[in-house]
>>> print(open('run31.csv').read())   # CSV, C-alpha atoms and all ligand atoms
chain,number,residue,atom,x,y,z
N,1,MET,CA,116.9,73.3,108.8
N,2,THR,CA,113.9,74.5,110.6
N,3,HIS,CA,112.7,73.4,114.1
N,4,VAL,CA,109.6,75.4,114.2
N,5,LYS,CA,106.3,73.8,114.9
N,6,VAL,CA,104.0,73.9,111.8
N,7,ILE,CA,100.4,74.4,112.7
N,8,THR,CA,97.9,73.0,110.2
N,9,TRP,CA,94.9,75.2,110.0
N,10,HIS,CA,91.6,73.7,108.8
N,11,CYS,CA,90.0,76.0,106.3
N,12,ASP,CA,88.9,75.9,102.7
N,13,LEU,CA,91.3,77.1,99.9
N,14,VAL,CA,92.6,80.5,100.8
N,15,VAL,CA,92.1,83.1,98.1
N,16,SER,CA,91.4,86.3,99.9
N,17,ILE,CA,93.2,87.2,103.2
N,18,HIS,CA,92.0,90.3,105.1
N,19,VAL,CA,94.7,91.8,107.2
N,20,VAL,CA,94.5,94.5,109.9
N,21,SER,CA,97.2,96.0,112.1
N,22,ASP,CA,97.4,98.9,114.5
N,23,VAL,CA,93.7,98.6,115.4
N,24,HIS,CA,94.3,100.9,118.5
N,25,GLY,CA,90.8,100.7,120.0
N,26,GLU,CA,88.8,100.7,116.7
N,27,ALA,CA,86.3,98.1,117.9
N,28,ALA,CA,83.3,99.1,115.7
N,29,ALA,CA,85.0,98.7,112.4
N,30,LEU,CA,86.8,95.6,113.5
N,31,GLU,CA,83.6,93.7,113.9
N,32,GLY,CA,83.0,93.6,110.1
N,33,ALA,CA,86.6,93.5,108.9
N,34,ALA,CA,86.5,89.8,108.0
N,35,VAL,CA,83.4,89.9,105.9
N,36,GLY,CA,84.1,88.4,102.5
N,37,SER,CA,87.5,86.9,103.4
N,38,ASP,CA,88.7,83.3,103.4
N,39,LEU,CA,91.1,84.1,106.2
N,40,PHE,CA,91.5,87.0,108.7
N,41,VAL,CA,94.8,88.1,110.1
N,42,CYS,CA,95.5,90.7,112.8
N,43,LEU,CA,99.1,92.0,113.3
N,44,GLY,CA,98.6,93.6,116.7
N,45,ASP,CA,98.6,96.9,118.5
N,46,LEU,CA,95.1,96.5,119.8
N,47,ILE,CA,95.0,99.1,122.6
N,48,LEU,CA,95.1,102.8,122.4
N,49,TYR,CA,97.4,104.7,124.8
N,50,LEU,CA,97.5,107.9,122.9
N,51,ASP,CA,95.4,109.2,120.0
N,52,TYR,CA,97.6,111.5,117.9
N,53,GLU,CA,94.5,112.7,115.9
N,54,ASP,CA,92.2,113.0,118.9
N,55,PRO,CA,94.1,113.4,122.1
N,56,SER,CA,90.8,113.1,124.1
N,57,HIS,CA,90.9,109.4,123.4
N,58,GLY,CA,93.0,106.7,124.9
N,59,ILE,CA,94.4,105.5,128.2
N,60,TYR,CA,96.6,108.5,128.9
N,61,ALA,CA,93.6,110.9,128.4
N,62,ASP,CA,91.4,108.6,130.5
N,63,LEU,CA,94.0,108.6,133.3
N,64,PHE,CA,95.5,112.1,133.2
N,65,GLY,CA,93.1,114.2,131.1
N,66,GLU,CA,93.2,115.5,127.6
N,67,GLU,CA,95.6,118.4,128.3
N,68,HIS,CA,98.3,116.1,129.6
N,69,ALA,CA,97.7,113.8,126.6
N,70,ARG,CA,98.3,116.7,124.2
N,71,ALA,CA,101.5,117.8,125.9
N,72,TYR,CA,102.8,114.3,126.0
N,73,ILE,CA,102.1,113.8,122.3
N,74,THR,CA,103.9,117.0,121.5
N,75,ALA,CA,107.0,116.0,123.5
N,76,ARG,CA,107.1,112.6,121.7
N,77,THR,CA,106.5,114.1,118.3
N,78,ASP,CA,109.4,116.4,118.9
N,79,GLY,CA,111.6,113.4,119.9
N,80,ARG,CA,111.9,114.7,123.5
N,81,PHE,CA,111.4,111.3,125.2
N,82,GLU,CA,113.0,112.4,128.4
N,83,ASP,CA,110.5,115.3,128.7
N,84,ALA,CA,107.7,113.0,128.0
N,85,ARG,CA,108.7,110.7,130.8
N,86,GLU,CA,109.0,113.7,133.2
N,87,LEU,CA,105.5,114.8,132.1
N,88,SER,CA,104.2,111.4,133.0
N,89,ALA,CA,105.9,111.4,136.4
N,90,ALA,CA,104.3,114.8,137.2
N,91,ALA,CA,100.9,113.5,136.1
N,92,TRP,CA,101.1,110.5,138.3
N,93,ALA,CA,102.2,112.7,141.2
N,94,ARG,CA,99.2,114.9,140.7
N,95,LEU,CA,97.0,111.8,140.9
N,96,GLY,CA,98.8,110.9,144.1
N,97,ILE,CA,99.8,107.5,142.7
N,98,ILE,CA,103.4,107.1,143.5
N,99,ALA,CA,104.4,103.5,144.0
N,100,PRO,CA,105.3,101.7,140.7
N,101,HIS,CA,103.0,98.9,141.7
N,102,ASP,CA,100.0,101.2,142.1
N,103,ARG,CA,100.8,102.9,138.8
N,104,ARG,CA,100.8,99.5,137.1
N,105,SER,CA,97.4,98.5,138.5
N,106,ALA,CA,95.8,101.9,137.6
N,107,MET,CA,97.1,101.4,134.0
N,108,GLU,CA,96.2,97.8,133.9
N,109,GLY,CA,92.6,98.4,134.8
N,110,LEU,CA,92.2,100.6,131.7
N,111,ILE,CA,94.1,98.2,129.5
N,112,ARG,CA,91.9,95.3,130.6
N,113,LYS,CA,88.8,97.3,129.7
N,114,GLN,CA,90.1,97.9,126.2
N,115,TYR,CA,91.2,94.3,125.7
N,116,ASP,CA,87.8,93.1,126.8
N,117,ALA,CA,86.2,95.3,124.1
N,118,MET,CA,88.8,94.5,121.4
N,119,PHE,CA,88.6,90.7,121.8
N,120,SER,CA,84.8,90.8,121.8
N,121,ALA,CA,84.9,92.7,118.5
N,122,MET,CA,87.8,90.6,116.9
N,123,PRO,CA,86.4,88.4,114.1
N,124,GLN,CA,86.6,84.6,114.6
N,125,PRO,CA,88.5,82.7,113.4
N,126,ALA,CA,91.5,84.9,113.3
N,127,LEU,CA,95.3,84.4,113.1
N,128,MET,CA,96.9,87.0,115.4
N,129,THR,CA,100.3,88.2,116.4
N,130,TYR,CA,101.4,90.9,118.9
N,131,GLY,CA,102.3,94.5,118.2
N,132,ASN,CA,104.8,96.5,120.2
N,133,VAL,CA,102.1,98.1,122.4
N,134,ASP,CA,100.5,94.7,123.3
N,135,LEU,CA,100.7,92.7,126.5
N,136,PRO,CA,100.9,89.1,125.6
N,137,ALA,CA,100.1,87.9,129.1
N,138,LEU,CA,96.7,89.6,128.9
N,139,TRP,CA,95.9,88.3,125.4
N,140,ASP,CA,95.7,84.8,126.9
N,141,GLU,CA,93.1,86.0,129.3
N,142,TYR,CA,90.9,87.8,126.8
N,143,ARG,CA,91.2,85.9,123.6
N,144,GLN,CA,88.1,83.9,122.4
N,145,PRO,CA,88.1,80.3,121.2
N,146,GLY,CA,88.6,81.3,117.5
N,147,HIS,CA,91.6,83.5,118.2
N,148,ARG,CA,94.9,81.7,117.3
N,149,LEU,CA,98.0,83.5,118.6
N,150,ILE,CA,101.1,82.9,116.6
N,151,ASP,CA,104.6,84.4,117.3
N,152,GLY,CA,107.6,82.7,115.8
N,153,GLU,CA,105.6,79.9,114.2
N,154,VAL,CA,104.3,78.8,110.8
N,155,VAL,CA,100.7,78.1,109.8
N,156,GLU,CA,100.1,76.0,106.8
N,157,ILE,CA,96.9,75.9,104.8
N,158,ASP,CA,96.7,73.8,101.6
N,159,GLY,CA,100.5,74.0,101.2
N,160,LEU,CA,100.5,77.8,101.7
N,161,ARG,CA,103.1,78.5,104.4
N,162,MET,CA,102.6,81.7,106.5
N,163,GLY,CA,105.2,82.7,109.0
N,164,PHE,CA,104.4,85.1,111.9
N,165,VAL,CA,106.7,87.1,114.2
N,166,GLY,CA,105.1,89.6,116.6
N,167,GLY,CA,106.4,92.6,118.7
N,168,GLY,CA,108.8,95.4,118.1
N,169,LEU,CA,112.5,96.0,118.7
N,170,VAL,CA,113.9,97.5,121.9
N,171,SER,CA,113.5,101.3,121.5
N,172,PRO,CA,113.6,104.6,123.4
N,173,MET,CA,109.8,104.6,123.3
N,174,ARG,CA,109.8,101.7,125.8
N,175,THR,CA,106.6,100.2,124.6
N,176,PRO,CA,105.4,97.0,126.4
N,177,TYR,CA,106.4,94.3,123.9
N,178,GLU,CA,109.9,95.1,122.6
N,179,ILE,CA,112.4,92.3,121.8
N,180,GLU,CA,116.2,92.3,121.6
N,181,PRO,CA,117.3,92.3,117.9
N,182,ASP,CA,119.1,88.9,118.2
N,183,VAL,CA,116.0,87.3,119.8
N,184,TYR,CA,113.9,88.7,117.0
N,185,ALA,CA,116.3,87.5,114.3
N,186,ALA,CA,116.3,84.0,115.8
N,187,LYS,CA,112.5,83.9,115.7
N,188,LEU,CA,112.6,84.8,112.0
N,189,GLU,CA,115.3,82.2,111.3
N,190,GLN,CA,113.3,79.4,112.9
N,191,LEU,CA,110.4,79.9,110.5
N,192,GLY,CA,112.3,78.5,107.5
N,193,PRO,CA,111.0,79.5,104.0
N,194,VAL,CA,107.4,80.8,103.8
N,195,ASP,CA,105.1,82.0,101.1
N,196,VAL,CA,103.8,84.9,103.2
N,197,LEU,CA,105.6,86.6,106.1
N,198,PHE,CA,103.5,88.5,108.6
N,199,THR,CA,105.2,90.8,111.2
N,200,HIS,CA,104.2,93.8,113.1
N,201,ILE,CA,107.2,95.9,112.2
N,202,PRO,CA,108.6,96.7,108.7
N,203,PRO,CA,112.0,95.8,107.2
N,204,GLN,CA,114.7,98.4,107.4
N,205,ILE,CA,113.9,100.5,104.3
N,206,PRO,CA,113.8,104.3,105.0
N,207,GLU,CA,110.7,104.9,102.7
N,208,LEU,CA,108.8,102.3,104.7
N,209,THR,CA,109.8,103.4,108.2
N,210,TYR,CA,109.5,107.1,107.9
N,211,ASP,CA,106.2,108.4,109.4
N,212,VAL,CA,105.3,111.6,107.6
N,213,VAL,CA,102.9,112.9,110.4
N,214,ALA,CA,105.0,112.0,113.4
N,215,ARG,CA,108.0,113.2,111.3
N,216,ARG,CA,110.4,110.5,112.5
N,217,PHE,CA,111.8,107.1,111.5
N,218,GLU,CA,110.1,104.3,113.3
N,219,PHE,CA,112.3,101.2,113.9
N,220,GLY,CA,112.7,99.0,110.9
N,221,CYS,CA,114.3,95.6,111.3
N,222,SER,CA,117.3,94.7,109.3
N,223,ALA,CA,117.0,91.0,110.3
N,224,ILE,CA,113.7,91.0,108.2
N,225,ASN,CA,115.7,92.3,105.2
N,226,SER,CA,118.2,89.5,105.6
N,227,TYR,CA,115.5,86.9,106.0
N,228,ILE,CA,113.6,88.1,103.0
N,229,GLU,CA,116.8,88.3,100.8
N,230,ARG,CA,117.6,84.7,101.6
N,231,THR,CA,114.2,83.1,101.5
N,232,GLN,CA,112.2,85.4,99.1
N,233,PRO,CA,108.6,84.9,100.3
N,234,ARG,CA,106.0,86.1,97.8
N,235,PHE,CA,104.7,88.7,100.3
N,236,HIS,CA,105.7,90.4,103.5
N,237,LEU,CA,102.8,92.1,105.3
N,238,PHE,CA,103.3,94.4,108.3
N,239,GLY,CA,102.0,97.5,110.0
N,240,HIS,CA,103.5,99.6,112.8
N,241,VAL,CA,104.2,102.8,110.8
N,242,HIS,CA,100.9,104.6,110.8
N,243,GLN,CA,101.5,107.2,108.1
N,244,PRO,CA,104.4,105.8,106.0
N,245,LEU,CA,106.1,107.7,103.2
N,246,HIS,CA,105.7,104.6,101.0
N,247,ARG,CA,103.2,101.8,101.5
N,248,ARG,CA,105.1,99.2,99.6
N,249,ALA,CA,108.6,98.3,98.4
N,250,ARG,CA,110.3,95.3,96.9
N,251,ILE,CA,113.2,93.2,98.2
N,252,GLY,CA,114.1,91.0,95.3
N,253,ARG,CA,110.9,89.2,94.3
N,254,THR,CA,109.2,89.9,97.6
N,255,GLU,CA,106.5,92.5,97.7
N,256,CYS,CA,106.7,94.2,101.2
N,257,ILE,CA,103.3,95.9,102.0
N,258,ASN,CA,102.2,98.1,104.9
N,259,VAL,CA,98.6,96.9,105.6
N,260,GLY,CA,97.7,100.3,107.0
N,261,HIS,CA,96.6,102.0,110.2
N,262,PHE,CA,93.2,100.4,110.9
N,263,ASN,CA,92.3,102.9,113.6
N,264,ALA,CA,92.3,105.6,111.0
N,265,GLN,CA,91.4,103.7,107.8
N,266,LYS,CA,88.8,101.3,109.3
N,267,VAL,CA,89.2,98.9,106.4
N,268,PRO,CA,91.4,95.8,106.1
N,269,TYR,CA,94.1,95.3,103.6
N,270,VAL,CA,93.0,92.6,101.1
N,271,LEU,CA,95.6,90.2,99.9
N,272,ASN,CA,94.4,88.3,96.8
N,273,LEU,CA,96.2,85.0,96.2
N,274,ASP,CA,94.1,83.6,93.3
N,275,VAL,CA,96.9,83.8,90.7
N,276,GLN,CA,99.8,82.8,92.9
N,277,HIS,CA,98.3,79.9,94.7
N,278,GLY,CA,96.3,76.8,94.0
L,301,MN,MN,100.7,101.1,116.3
>>> encode(input="run31.csv", output="structure tokens")
Amino acid sequence: MTHVKVITWHCDLVVSIHVVSDVHGEAAALEGAAVGSDLFVCLGDLILYLDYEDPSHGIYADLFGEEHARAYITARTDGRFEDARELSAAAWARLGIIAPHDRRSAMEGLIRKQYDAMFSAMPQPALMTYGNVDLPALWDEYRQPGHRLIDGEVVEIDGLRMGFVGGGLVSPMRTPYEIEPDVYAAKLEQLGPVDVLFTHIPPQIPELTYDVVARRFEFGCSAINSYIERTQPRFHLFGHVHQPLHRRARIGRTECINVGHFNAQKVPYVLNLDVQHG
């Protein structure tokens, strides 16, 4: 029994879905990412705090300088999260910004600048859900009329059911939109059966969650495995792991696919439904 609201989306028959995730500030490529698609989907992580490939980019570099950003990235890559927090505390102290409220407003100013640019570049219409580094309260301020935000709901087009669950799970990284595992599981459960499941984070499969560049396992979600085992959607599309050991895996008849790190790849994942749907 499902109690979730089903949104009916007005659109011609969906054959080709373009999906992006982990956009992380890549506004230029985002503008053209929907060209040629019937439907455009964004799975979140719009802002760029740290750029592991170019530490001179991102909010940390803007605030604290490139040198700090490099040291902070190294600490996190080594799994020294406590050291990373101490580095941040020292960097704030150097700026003379001490009160938590002042830190939040300094950070928020830069985040707002990025959201302004990202939502201007985001194609319309778009179905969107949140990543773990997103701030849902700000999305409501910056989104444009064609941006439909979906988190824990189903969108139905021509009988094609698409379920969306955004955000990450509570982690030592303490990113802004992290959810308790039981709350996340409840959001999945309320979807009921779907044809395509969209989430920001992957299921708990080691090959999908291991990042070969960061050299660590990101959080996978075992509630996604249980949901997929029980309901067997045709596809599960997700992002979050920027450089995964494997891009896809199967759970029963469900093809689970990492849509890729848009910030680096600059092209959407194209899901073709012409044989499965109609
Ligand atoms: Mn990301």
>>> residues_near_ligand(input="run31.csv", ligand="ligand MN 301 (chain L)", cutoff="7 Å", atoms="all atoms listed in the file", output="list of chain:residue names")
N:Asp22, N:His24, N:Asp45, N:Val133, N:His240, N:Val241, N:His242
>>> atom_distance(input="run31.csv", atom1="atom CA of N:Ile205", atom2="atom CA of N:Gly79")
20.4 Å
>>> closest_residue(input="run31.csv", among="N:Arg230, N:Arg215, N:His68, N:Arg174", to="N:Val194", atoms="only C-alpha atoms")
N:Arg230
>>> residues_around(input="run31.csv", residues="N:Leu188", least_positions_apart="6", cutoff="9 Å", atoms="only C-alpha atoms", output="mmCIF file with C-alpha atoms, in the coordinates of the input")
data_model
loop_
_atom_site.group_PDB
_atom_site.id
_atom_site.type_symbol
_atom_site.label_atom_id
_atom_site.label_comp_id
_atom_site.auth_asym_id
_atom_site.auth_seq_id
_atom_site.Cartn_x
_atom_site.Cartn_y
_atom_site.Cartn_z
ATOM 1 C CA GLY N 152 107.600 82.700 115.800
ATOM 2 C CA GLU N 153 105.600 79.900 114.200
ATOM 3 C CA GLY N 163 105.200 82.700 109.000
ATOM 4 C CA PHE N 164 104.400 85.100 111.900
ATOM 5 C CA VAL N 165 106.700 87.100 114.200
ATOM 6 C CA ALA N 223 117.000 91.000 110.300
ATOM 7 C CA ILE N 224 113.700 91.000 108.200
ATOM 8 C CA TYR N 227 115.500 86.900 106.000
#
>>> residues_around(input="run31.csv", residues="N:Ala264", least_positions_apart="4", cutoff="9 Å", atoms="all atoms listed in the file", output="list in words")
Val23, Glu26, Glu53, His242 and Gly260 of chain N
>>> residues_around(input="run31.csv", residues="N:Leu245", least_positions_apart="4", cutoff="8 Å", atoms="all atoms listed in the file", output="ChimeraX atom specification")
/N:207-212
>>> atom_distance(input="run31.csv", atom1="atom CA of N:Arg161", atom2="atom CA of N:Lys266")
27.4 Å
>>> residues_around(input="run31.csv", residues="stretch 176-179 of chain N", least_positions_apart="4", cutoff="9 Å", atoms="only C-alpha atoms", output="JSON, numbers by chain")
{"N": [130, 131, 132, 133, 134, 135, 136, 166, 167, 168, 169, 170, 171, 183, 184]}
>>> closest_residue(input="run31.csv", among="N:Ser222, N:Gln114, N:Gln265, N:Thr129", to="N:Gly58", atoms="all atoms listed in the file")
N:Gln114
>>> residues_around(input="run31.csv", residues="N:Val15", least_positions_apart="2", cutoff="7 Å", atoms="all atoms listed in the file", output="ChimeraX atom specification")
/N:13,17,38,272-274
>>> closest_residue(input="run31.csv", among="N:Arg94, N:Arg148, N:Arg103, N:Arg216", to="N:Phe119", atoms="all atoms listed in the file")
N:Arg148
>>> residues_near_point(input="run31.csv", point="(114.2, 88.2, 92.2)", cutoff="12 Å", atoms="all atoms listed in the file", output="PyMOL selection string")
chain N and resi 228-234+250-255
>>> write_last_selection(input="run31.csv", atoms="C-alpha atoms", output="PDB file, keeping the file's coordinate frame")
ATOM      1  CA  ILE N 228     113.600  88.100 103.000  1.00  0.00           C
ATOM      2  CA  GLU N 229     116.800  88.300 100.800  1.00  0.00           C
ATOM      3  CA  ARG N 230     117.600  84.700 101.600  1.00  0.00           C
ATOM      4  CA  THR N 231     114.200  83.100 101.500  1.00  0.00           C
ATOM      5  CA  GLN N 232     112.200  85.400  99.100  1.00  0.00           C
ATOM      6  CA  PRO N 233     108.600  84.900 100.300  1.00  0.00           C
ATOM      7  CA  ARG N 234     106.000  86.100  97.800  1.00  0.00           C
ATOM      8  CA  ARG N 250     110.300  95.300  96.900  1.00  0.00           C
ATOM      9  CA  ILE N 251     113.200  93.200  98.200  1.00  0.00           C
ATOM     10  CA  GLY N 252     114.100  91.000  95.300  1.00  0.00           C
ATOM     11  CA  ARG N 253     110.900  89.200  94.300  1.00  0.00           C
ATOM     12  CA  THR N 254     109.200  89.900  97.600  1.00  0.00           C
ATOM     13  CA  GLU N 255     106.500  92.500  97.700  1.00  0.00           C
TER      14      GLU N 255
END
>>> closest_residue(input="run31.csv", among="N:Ile7, N:Leu160, N:Ala185, N:Ala91", to="N:Ser226", atoms="only C-alpha atoms")
N:Ala185
>>> build_atoms(input="run31.csv", residues="stretch 231-264 of chain N", atoms="N, CA and C atoms", output="tab-separated table (two decimals), in the coordinates of the input")
chain	number	residue	atom	x	y	z
N	231	THR	N	115.27	84.07	101.74
N	231	THR	CA	114.20	83.10	101.50
N	231	THR	C	113.17	83.52	100.49
N	232	GLN	N	113.12	84.84	100.17
N	232	GLN	CA	112.20	85.40	99.10
N	232	GLN	C	110.78	84.87	99.20
N	233	PRO	N	110.07	85.21	100.28
N	233	PRO	CA	108.60	84.90	100.30
N	233	PRO	C	107.92	85.70	99.19
N	234	ARG	N	106.70	85.29	98.83
N	234	ARG	CA	106.00	86.10	97.80
N	234	ARG	C	105.59	87.45	98.38
N	235	PHE	N	105.15	87.43	99.63
N	235	PHE	CA	104.70	88.70	100.30
N	235	PHE	C	105.24	88.82	101.67
N	236	HIS	N	105.47	90.06	102.07
N	236	HIS	CA	105.70	90.40	103.50
N	236	HIS	C	104.68	91.44	103.86
N	237	LEU	N	103.80	91.13	104.82
N	237	LEU	CA	102.80	92.10	105.30
N	237	LEU	C	103.11	92.51	106.71
N	238	PHE	N	102.99	93.81	106.96
N	238	PHE	CA	103.30	94.40	108.30
N	238	PHE	C	102.52	95.62	108.51
N	239	GLY	N	102.67	96.20	109.70
N	239	GLY	CA	102.00	97.50	110.00
N	239	GLY	C	102.98	98.40	110.71
N	240	HIS	N	102.63	98.87	111.90
N	240	HIS	CA	103.50	99.60	112.80
N	240	HIS	C	103.66	101.10	112.42
N	241	VAL	N	104.01	101.38	111.16
N	241	VAL	CA	104.20	102.80	110.80
N	241	VAL	C	102.84	103.30	110.29
N	242	HIS	N	102.28	104.23	111.06
N	242	HIS	CA	100.90	104.60	110.80
N	242	HIS	C	100.71	105.42	109.53
N	243	GLN	N	101.62	106.35	109.27
N	243	GLN	CA	101.50	107.20	108.10
N	243	GLN	C	102.84	107.12	107.31
N	244	PRO	N	103.09	106.01	106.61
N	244	PRO	CA	104.40	105.80	106.00
N	244	PRO	C	104.59	106.68	104.74
N	245	LEU	N	105.83	107.04	104.45
N	245	LEU	CA	106.10	107.70	103.20
N	245	LEU	C	105.73	106.86	102.03
N	246	HIS	N	106.10	105.58	102.04
N	246	HIS	CA	105.70	104.60	101.00
N	246	HIS	C	104.97	103.45	101.69
N	247	ARG	N	103.95	102.92	101.00
N	247	ARG	CA	103.20	101.80	101.50
N	247	ARG	C	103.81	100.45	101.14
N	248	ARG	N	104.58	100.45	100.05
N	248	ARG	CA	105.10	99.20	99.60
N	248	ARG	C	106.52	99.36	99.02
N	249	ALA	N	107.26	98.27	99.03
N	249	ALA	CA	108.60	98.30	98.40
N	249	ALA	C	108.92	96.82	98.09
N	250	ARG	N	109.90	96.64	97.23
N	250	ARG	CA	110.30	95.30	96.90
N	250	ARG	C	111.68	94.97	97.43
N	251	ILE	N	111.84	93.76	97.93
N	251	ILE	CA	113.20	93.20	98.20
N	251	ILE	C	113.30	92.01	97.35
N	252	GLY	N	114.06	92.11	96.26
N	252	GLY	CA	114.10	91.00	95.30
N	252	GLY	C	112.73	90.73	94.75
N	253	ARG	N	112.27	89.49	94.80
N	253	ARG	CA	110.90	89.20	94.30
N	253	ARG	C	109.84	89.36	95.31
N	254	THR	N	110.21	89.76	96.52
N	254	THR	CA	109.20	89.90	97.60
N	254	THR	C	108.58	91.26	97.62
N	255	GLU	N	107.25	91.27	97.61
N	255	GLU	CA	106.50	92.50	97.70
N	255	GLU	C	106.26	92.76	99.22
N	256	CYS	N	106.81	93.88	99.74
N	256	CYS	CA	106.70	94.20	101.20
N	256	CYS	C	105.57	95.29	101.26
N	257	ILE	N	104.52	95.01	102.04
N	257	ILE	CA	103.30	95.90	102.00
N	257	ILE	C	102.94	96.26	103.46
N	258	ASN	N	102.78	97.57	103.68
N	258	ASN	CA	102.20	98.10	104.90
N	258	ASN	C	100.68	97.95	104.81
N	259	VAL	N	100.06	97.19	105.71
N	259	VAL	CA	98.60	96.90	105.60
N	259	VAL	C	97.77	98.09	106.09
N	260	GLY	N	98.41	99.11	106.66
N	260	GLY	CA	97.70	100.30	107.00
N	260	GLY	C	97.31	100.43	108.48
N	261	HIS	N	96.91	101.64	108.84
N	261	HIS	CA	96.60	102.00	110.20
N	261	HIS	C	95.07	101.84	110.38
N	262	PHE	N	94.67	100.68	110.91
N	262	PHE	CA	93.20	100.40	110.90
N	262	PHE	C	92.44	101.37	111.74
N	263	ASN	N	93.03	101.90	112.80
N	263	ASN	CA	92.30	102.90	113.60
N	263	ASN	C	91.86	104.08	112.79
N	264	ALA	N	92.64	104.50	111.80
N	264	ALA	CA	92.30	105.60	111.00
N	264	ALA	C	91.51	105.21	109.72
